[in-house]
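Structure file run_16.txt (compact mmCIF, C-alpha atoms) is printed below.
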```txt
# COMPACT_ATOMS: atom_id res chain seq x y z
CA MET A 20 86.29 69.85 -20.76
CA THR A 21 87.39 73.37 -21.73
CA LEU A 22 89.13 72.08 -24.86
CA ALA A 23 86.01 70.09 -25.81
CA LEU A 24 83.85 73.21 -25.48
CA ALA A 25 86.35 75.21 -27.54
CA ILE A 26 86.18 72.63 -30.34
CA LEU A 27 82.36 72.62 -30.14
CA PHE A 28 82.17 76.39 -30.70
CA LEU A 29 84.92 76.39 -33.35
CA SER A 30 83.06 73.72 -35.29
CA PHE A 31 80.39 76.28 -36.23
CA THR A 32 82.96 78.43 -38.07
CA PRO A 33 82.55 76.96 -41.60
CA ILE A 34 78.75 77.20 -41.38
CA LEU A 35 78.82 80.85 -40.36
CA PHE A 36 81.43 81.61 -43.03
CA ARG A 37 79.25 79.98 -45.68
CA TRP A 38 76.21 82.01 -44.59
CA SER A 39 78.14 85.31 -44.64
CA GLU A 40 77.25 87.95 -47.23
CA LEU A 41 80.87 89.11 -47.39
CA GLY A 42 84.01 87.56 -48.81
CA PRO A 43 86.04 85.18 -46.64
CA THR A 44 88.77 87.66 -45.65
CA ALA A 45 86.28 90.43 -44.83
CA SER A 46 84.19 87.98 -42.79
CA ALA A 47 87.29 86.90 -40.89
CA PHE A 48 88.13 90.57 -40.26
CA TYR A 49 84.78 91.14 -38.56
CA ARG A 50 85.22 87.86 -36.67
CA ALA A 51 88.24 89.45 -34.98
CA LEU A 52 87.13 93.10 -34.90
CA LEU A 53 83.80 92.57 -33.13
CA THR A 54 85.46 90.65 -30.29
CA ILE A 55 87.96 93.39 -29.39
CA PRO A 56 85.57 95.10 -26.88
CA ILE A 57 84.71 91.72 -25.34
CA PHE A 58 88.32 90.76 -24.69
CA TRP A 59 89.28 94.18 -23.32
CA VAL A 60 86.30 94.12 -20.93
CA TRP A 61 87.56 90.67 -19.86
CA VAL A 62 90.99 92.23 -19.21
CA ALA A 63 89.44 95.03 -17.13
CA VAL A 64 87.43 92.58 -15.01
CA GLU A 65 90.47 90.37 -14.32
CA SER A 66 92.70 93.37 -13.65
CA ARG A 67 90.42 94.53 -10.84
CA ARG A 68 90.73 91.14 -9.19
CA GLY A 69 94.55 91.13 -9.31
CA ALA A 70 97.04 93.15 -7.29
CA ARG A 71 98.75 94.41 -10.46
CA THR A 72 97.16 95.73 -13.64
CA GLU A 73 97.57 93.88 -16.91
CA LEU A 74 99.33 96.93 -18.39
CA ALA A 75 102.02 96.70 -15.72
CA ARG A 76 102.50 93.01 -16.46
CA LEU A 77 102.90 93.73 -20.16
CA ARG A 78 105.55 96.36 -19.45
CA LEU A 79 107.45 93.94 -17.25
CA ARG A 80 107.34 91.24 -19.92
CA ARG A 81 108.05 92.93 -23.22
CA ALA A 82 109.06 89.59 -24.77
CA ASP A 83 105.56 88.27 -24.04
CA LEU A 84 104.02 91.29 -25.72
CA TRP A 85 105.97 90.56 -28.90
CA LEU A 86 104.90 86.93 -28.66
CA MET A 87 101.25 88.09 -28.53
CA VAL A 88 101.84 90.25 -31.61
CA PHE A 89 103.32 87.22 -33.36
CA ALA A 90 100.33 85.06 -32.34
CA GLY A 91 97.87 87.63 -33.68
CA ALA A 92 99.75 87.99 -36.97
CA VAL A 93 100.11 84.27 -37.71
CA PHE A 94 96.48 83.63 -36.76
CA GLY A 95 95.42 86.26 -39.29
CA MET A 96 97.65 84.56 -41.87
CA ASN A 97 96.10 81.21 -40.99
CA ILE A 98 92.54 82.44 -41.60
CA ALA A 99 93.41 84.30 -44.80
CA ALA A 100 95.46 81.42 -46.25
CA TYR A 101 92.67 78.92 -45.61
CA ALA A 102 90.07 81.27 -47.09
CA TRP A 103 92.07 81.63 -50.32
CA ALA A 104 92.93 77.91 -50.39
CA VAL A 105 89.21 77.11 -50.49
CA HIS A 106 88.86 79.34 -53.57
CA LEU A 107 91.97 78.11 -55.40
CA THR A 108 91.73 74.37 -54.76
CA SER A 109 89.05 71.90 -53.78
CA VAL A 110 87.43 72.22 -50.35
CA ALA A 111 88.61 68.68 -49.59
CA ASN A 112 92.24 69.56 -50.40
CA ALA A 113 92.04 72.71 -48.29
CA SER A 114 90.45 70.84 -45.37
CA LEU A 115 93.10 68.12 -45.43
CA LEU A 116 96.19 70.30 -45.90
CA SER A 117 95.09 72.93 -43.40
CA ASN A 118 94.82 70.22 -40.72
CA LEU A 119 98.47 69.16 -40.79
CA ALA A 120 99.22 71.41 -37.80
CA PRO A 121 99.78 68.46 -35.37
CA ILE A 122 102.83 67.38 -37.38
CA PHE A 123 104.35 70.87 -37.36
CA VAL A 124 103.55 71.43 -33.66
CA SER A 125 105.15 68.11 -32.69
CA LEU A 126 108.29 68.85 -34.71
CA ALA A 127 108.58 72.40 -33.36
CA SER A 128 108.03 71.28 -29.77
CA PHE A 129 110.82 68.72 -30.13
CA LEU A 130 113.29 70.90 -32.04
CA LEU A 131 112.76 74.15 -30.11
CA PHE A 132 111.90 72.96 -26.61
CA GLY A 133 113.08 69.35 -26.49
CA GLU A 134 109.58 68.10 -25.69
CA ARG A 135 109.11 64.39 -26.37
CA VAL A 136 105.95 62.38 -26.92
CA SER A 137 105.42 58.66 -26.64
CA ARG A 138 105.34 56.27 -29.57
CA GLY A 139 101.69 55.63 -28.80
CA PHE A 140 100.90 59.32 -29.22
CA ILE A 141 102.79 59.50 -32.53
CA ALA A 142 100.94 56.43 -33.81
CA ALA A 143 97.59 57.93 -32.74
CA MET A 144 98.43 61.27 -34.40
CA ILE A 145 99.34 59.55 -37.68
CA ALA A 146 96.15 57.48 -37.50
CA ALA A 147 94.08 60.64 -36.98
CA ILE A 148 95.63 62.32 -40.03
CA VAL A 149 95.06 59.15 -42.08
CA GLY A 150 91.43 59.25 -40.88
CA VAL A 151 91.08 62.85 -42.12
CA THR A 152 92.61 61.78 -45.45
CA ILE A 153 90.02 59.00 -45.78
CA LEU A 154 87.29 61.43 -44.69
CA VAL A 155 87.92 63.77 -47.63
CA GLY A 156 89.58 61.22 -49.93
CA ASP A 157 86.69 60.88 -52.37
CA LYS A 158 86.73 64.65 -52.97
CA LEU A 159 90.47 65.23 -53.31
CA ALA A 160 91.64 66.78 -56.59
CA VAL A 161 95.12 66.66 -58.09
CA GLY A 162 96.16 69.01 -60.87
CA ARG A 163 98.34 71.92 -61.82
CA GLY A 164 95.56 74.38 -61.17
CA GLU A 165 95.43 73.37 -57.51
CA ILE A 166 99.15 73.84 -56.75
CA LEU A 167 98.83 77.39 -55.40
CA GLY A 168 95.73 76.53 -53.37
CA ASP A 169 97.37 73.41 -51.96
CA GLY A 170 100.43 75.43 -51.02
CA LEU A 171 98.23 77.93 -49.19
CA GLY A 172 96.56 75.04 -47.37
CA VAL A 173 99.94 73.82 -46.09
CA PHE A 174 100.91 77.40 -45.19
CA SER A 175 97.66 77.67 -43.24
CA SER A 176 98.73 74.64 -41.18
CA LEU A 177 102.16 76.17 -40.55
CA ALA A 178 100.62 79.46 -39.45
CA PHE A 179 98.16 77.76 -37.11
CA ALA A 180 100.97 75.65 -35.65
CA GLY A 181 102.87 78.87 -34.93
CA TYR A 182 99.76 80.31 -33.28
CA LEU A 183 99.29 77.27 -31.04
CA MET A 184 102.98 77.26 -30.07
CA ALA A 185 102.96 80.97 -29.21
CA ILE A 186 99.72 80.78 -27.19
CA GLY A 187 100.94 77.62 -25.50
CA ARG A 188 104.15 79.32 -24.33
CA LEU A 189 102.22 82.36 -23.09
CA ARG A 190 99.79 80.19 -21.14
CA LEU A 191 102.45 77.79 -19.80
CA ARG A 192 102.20 77.72 -15.98
CA GLN A 193 99.73 80.65 -16.13
CA ARG A 194 102.53 82.89 -17.46
CA GLN A 195 99.97 85.29 -18.92
CA ARG A 196 96.24 85.48 -18.41
CA SER A 197 93.94 84.28 -21.18
CA SER A 198 92.25 87.68 -21.34
CA THR A 199 95.56 89.49 -21.87
CA VAL A 200 96.68 87.10 -24.59
CA MET A 201 93.40 87.34 -26.50
CA ALA A 202 92.98 91.11 -26.09
CA ALA A 203 96.46 91.86 -27.43
CA SER A 204 96.54 89.28 -30.23
CA VAL A 205 93.04 89.97 -31.58
CA VAL A 206 93.93 93.60 -32.38
CA VAL A 207 96.87 92.44 -34.50
CA THR A 208 94.71 89.79 -36.18
CA ALA A 209 92.04 92.36 -37.08
CA LEU A 210 94.60 94.80 -38.54
CA CYS A 211 96.22 92.07 -40.66
CA LEU A 212 92.86 90.87 -42.00
CA LEU A 213 91.69 94.43 -42.71
CA ALA A 214 94.82 95.07 -44.79
CA LEU A 215 94.28 91.81 -46.73
CA ALA A 216 90.57 92.52 -47.30
CA LEU A 217 91.35 95.99 -48.66
CA ALA A 218 94.17 94.62 -50.83
CA THR A 219 91.87 92.02 -52.40
CA GLY A 220 89.05 94.51 -52.92
CA GLU A 221 86.45 92.68 -50.83
CA SER A 222 83.36 94.57 -49.75
CA LEU A 223 83.32 95.47 -46.04
CA LEU A 224 79.59 96.24 -45.66
CA PRO A 225 76.94 93.50 -45.43
CA ARG A 226 73.81 94.16 -47.49
CA THR A 227 71.20 93.20 -44.88
CA LEU A 228 70.60 93.00 -41.15
CA TYR A 229 70.90 89.21 -41.53
CA GLY A 230 74.44 89.72 -42.80
CA TRP A 231 75.39 91.72 -39.69
CA ALA A 232 73.76 89.10 -37.45
CA ASP A 233 75.84 86.36 -39.08
CA LEU A 234 79.07 88.34 -38.55
CA LEU A 235 78.14 88.95 -34.90
CA ALA A 236 77.49 85.22 -34.42
CA LEU A 237 80.81 84.43 -36.10
CA ALA A 238 82.59 86.78 -33.70
CA LEU A 239 80.83 85.62 -30.53
CA ILE A 240 80.68 81.87 -31.18
CA SER A 241 83.77 81.17 -33.23
CA HIS A 242 86.25 83.71 -31.87
CA ALA A 243 85.15 84.91 -28.43
CA LEU A 244 84.01 81.49 -27.22
CA GLY A 245 85.95 79.15 -29.50
CA GLN A 246 89.37 80.81 -29.56
CA GLY A 247 88.93 82.22 -26.05
CA LEU A 248 88.28 78.80 -24.51
CA LEU A 249 91.11 77.29 -26.57
CA THR A 250 93.47 79.83 -25.01
CA VAL A 251 92.19 78.98 -21.53
CA ALA A 252 92.65 75.25 -22.25
CA LEU A 253 96.27 75.70 -23.35
CA ALA A 254 97.23 76.42 -19.74
CA HIS A 255 96.39 72.80 -18.95
CA VAL A 256 96.73 70.92 -22.27
CA SER A 257 99.81 70.82 -24.48
CA PRO A 258 99.70 72.51 -27.92
CA THR A 259 100.46 69.11 -29.49
CA LEU A 260 97.38 67.43 -27.99
CA SER A 261 95.27 70.51 -28.78
CA ALA A 262 96.34 70.35 -32.44
CA VAL A 263 95.44 66.66 -32.66
CA SER A 264 92.10 67.24 -30.94
CA LEU A 265 91.24 69.95 -33.46
CA LEU A 266 91.26 67.25 -36.15
CA THR A 267 87.66 66.65 -35.09
CA LEU A 268 86.73 69.83 -37.01
CA PRO A 269 86.65 68.10 -40.44
CA VAL A 270 84.38 65.48 -38.86
CA THR A 271 81.94 68.09 -37.58
CA ALA A 272 82.14 69.91 -40.94
CA ALA A 273 80.89 66.75 -42.67
CA LEU A 274 78.15 66.33 -40.06
CA TYR A 275 76.97 69.93 -40.32
CA GLY A 276 77.05 69.72 -44.12
CA TRP A 277 74.59 66.84 -43.84
CA LEU A 278 72.40 68.57 -41.24
CA PHE A 279 72.29 72.13 -42.62
CA PHE A 280 73.10 71.87 -46.33
CA ALA A 281 71.64 68.45 -47.27
CA GLU A 282 75.09 67.20 -48.30
CA PRO A 283 74.95 63.36 -48.30
CA LEU A 284 77.33 61.44 -46.04
CA THR A 285 79.68 59.23 -48.03
CA LEU A 286 81.29 55.89 -47.29
CA ASN A 287 84.64 57.66 -46.84
CA GLN A 288 83.12 59.88 -44.15
CA ALA A 289 81.52 56.90 -42.43
CA ILE A 290 84.96 55.21 -42.23
CA GLY A 291 87.15 58.26 -41.65
CA ALA A 292 85.10 60.02 -38.96
CA PRO A 293 85.14 57.17 -36.38
CA MET A 294 88.83 56.61 -37.14
CA VAL A 295 89.64 60.26 -36.37
CA LEU A 296 87.63 60.27 -33.13
CA ALA A 297 89.13 56.97 -31.93
CA SER A 298 92.64 58.17 -32.74
CA ILE A 299 92.15 61.39 -30.78
CA LEU A 300 90.96 59.38 -27.79
CA ALA A 301 94.03 57.14 -28.13
CA ALA A 302 96.29 60.20 -28.30
CA ARG A 303 94.72 61.59 -25.13
CA LEU A 304 95.17 58.28 -23.30
CA ALA A 305 98.80 58.07 -24.52
CA MET A 306 99.56 61.42 -22.86
CA LEU A 307 98.09 60.49 -19.47
CA PRO A 308 100.75 59.84 -16.82
CA ARG A 309 101.35 56.16 -16.16
CA ARG A 310 100.49 54.82 -12.74
CA PRO A 311 103.44 53.34 -10.86
```

Could you write out this structure as structure tokens?
Amino acid sequence: MTLALAILFLSFTPILFRWSELGPTASAFYRALLTIPIFWVWVAVESRRGARTELARLRLRRADLWLMVFAGAVFGMNIAAYAWAVHLTSVANASLLSNLAPIFVSLASFLLFGERVSRGFIAAMIAAIVGVTILVGDKLAVGRGEILGDGLGVFSSLAFAGYLMAIGRLRLRQRQRSSTVMAASVVVTALCLLALALATGESLLPRTLYGWADLLALALISHALGQGLLTVALAHVSPTLSAVSLLTLPVTAALYGWLFFAEPLTLNQAIGAPMVLASILAARLAMLPRRP
């Protein structure tokens, strides 16, 4: 349920990005920056309930602190790489290549931690990726001019896979609280995105009150609720299943494009969307423990 809610809130991200008055990197910077007070208030509330403060826990687990820094950095890279991929290649290419994270998460889980998944799960994961390919297939572009953008799309997937793996390890068996993980990592994410926005010369000031309202919605809905609930869910759901479940985001992007931007639904979307959703359900069923 928590993972489903996280995906619901994350699905609004492309709409809010499109409505933003700022460039993609600057918008992503505010998405992280404006949630810093929220996550640190969350830390303070949870610290009062516990016997030990979160600061003491961080001092005792320095390795976890570095893992949070890594999570924040790669998440910033993920957002920035996707934002530039959209500008340098087709949106369809960027959407497809940035959603290859399930493959990288599965490989990393097996190679680094010896985690195995069933053949049914692998088949469902492949079917979901094929469904995404069909979903955007009529808009894919192939050419020399798209090579850099396509490469950034793949890098975006790698970065997000690293983020899911890091958060998953931190949340494994309640090793660290969700509030602590988000509060520490979001500061690093904001700093990385600020540096990138300044380097690319993007404006950091919206022109109107509407622009500020959109950035606030992006921060609250996409990051505070979306990423926050995803972190909570990773204490109970494996990063591999989470990555596969997030393949519903291209489906919702097509739906929202139809609802909010009058973009017509194509035959590819009509075939690919149900295939993705059915494959994710099959992947979830494949990971349920078998009854004796």

(Q) Show me, as a ChimeraX atom specification, the residues that have an atom within 9 Å of Leu234 of chain A when counting only C-alpha atoms, minus same-chain residues fewer than 5 positions from it. (A) /A:35-36,39-40,46-47,49-50,53,225,229,239

Q: Find, counting all atoms listed in the file, the residue in A:Pro33, A:Gly150, A:Gly156, A:Pro269 that gets nearest to Leu237 of chain A.
A: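 Closest to Leu237 of chain A, using all atoms listed in the file: A:Pro33.
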
Q) If we count all atoms listed in the file, what is near Leu171 of chain A at a cut-off of 12 Å, once residues fewer than 3 positions away on the same chain are taken out, given as number ranges by chain? A) A: 96-109, 112-118, 165-168, 174-178

(Q) When you look at segment 212-224 of chain A with a cut-off of 7 Å (counting only C-alpha atoms), what residues show up, excluding the ones that are within fewer than 4 positions of it in the same chain? I need them as JSON, numbers by chain. (A) {"A": [41, 42, 44, 45, 47, 48, 95, 208]}

Q.
Excluding segment 151-155 of chain A and its own-chain neighbours fewer than 2 positions away, which residues fall within 10 Å of it when counting all atoms listed in the file? Please give them as a ChimeraX atom specification.
A. /A:110-116,118-119,145-149,157-159,266-270,273,285-296

Taking a cut-off of 12 Å and counting only C-alpha atoms, can you build a table that, for each residue of segment 175-232 of chain A near segment 240-244 of chain A, reports the nearest atom pair and how far apart they are in Å (one decimal), sorted by chain then residue number, as a Markdown table?
```
| residue | atom | partner | partner_atom | distance |
| --- | --- | --- | --- | --- |
| A:Ser197 | CA | A:Ala243 | CA | 11.4 |
| A:Ser198 | CA | A:Ala243 | CA | 10.4 |
| A:Met201 | CA | A:Ala243 | CA | 8.8 |
| A:Ala202 | CA | A:Ala243 | CA | 10.3 |
| A:Ser204 | CA | A:His242 | CA | 11.8 |
| A:Val205 | CA | A:His242 | CA | 9.2 |
| A:Thr208 | CA | A:His242 | CA | 11.3 |
| A:Ala209 | CA | A:His242 | CA | 11.6 |
| A:Ala232 | CA | A:Ile240 | CA | 11.8 |
```

Q: Point out the residue among A:Leu131, A:Ala236, A:Ala252, A:Ala301 with the least atom-to-atom distance to Phe31 of chain A, counting all atoms listed in the file.
A: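 Of all the options, A:Ala236 lies closest to Phe31 of chain A.
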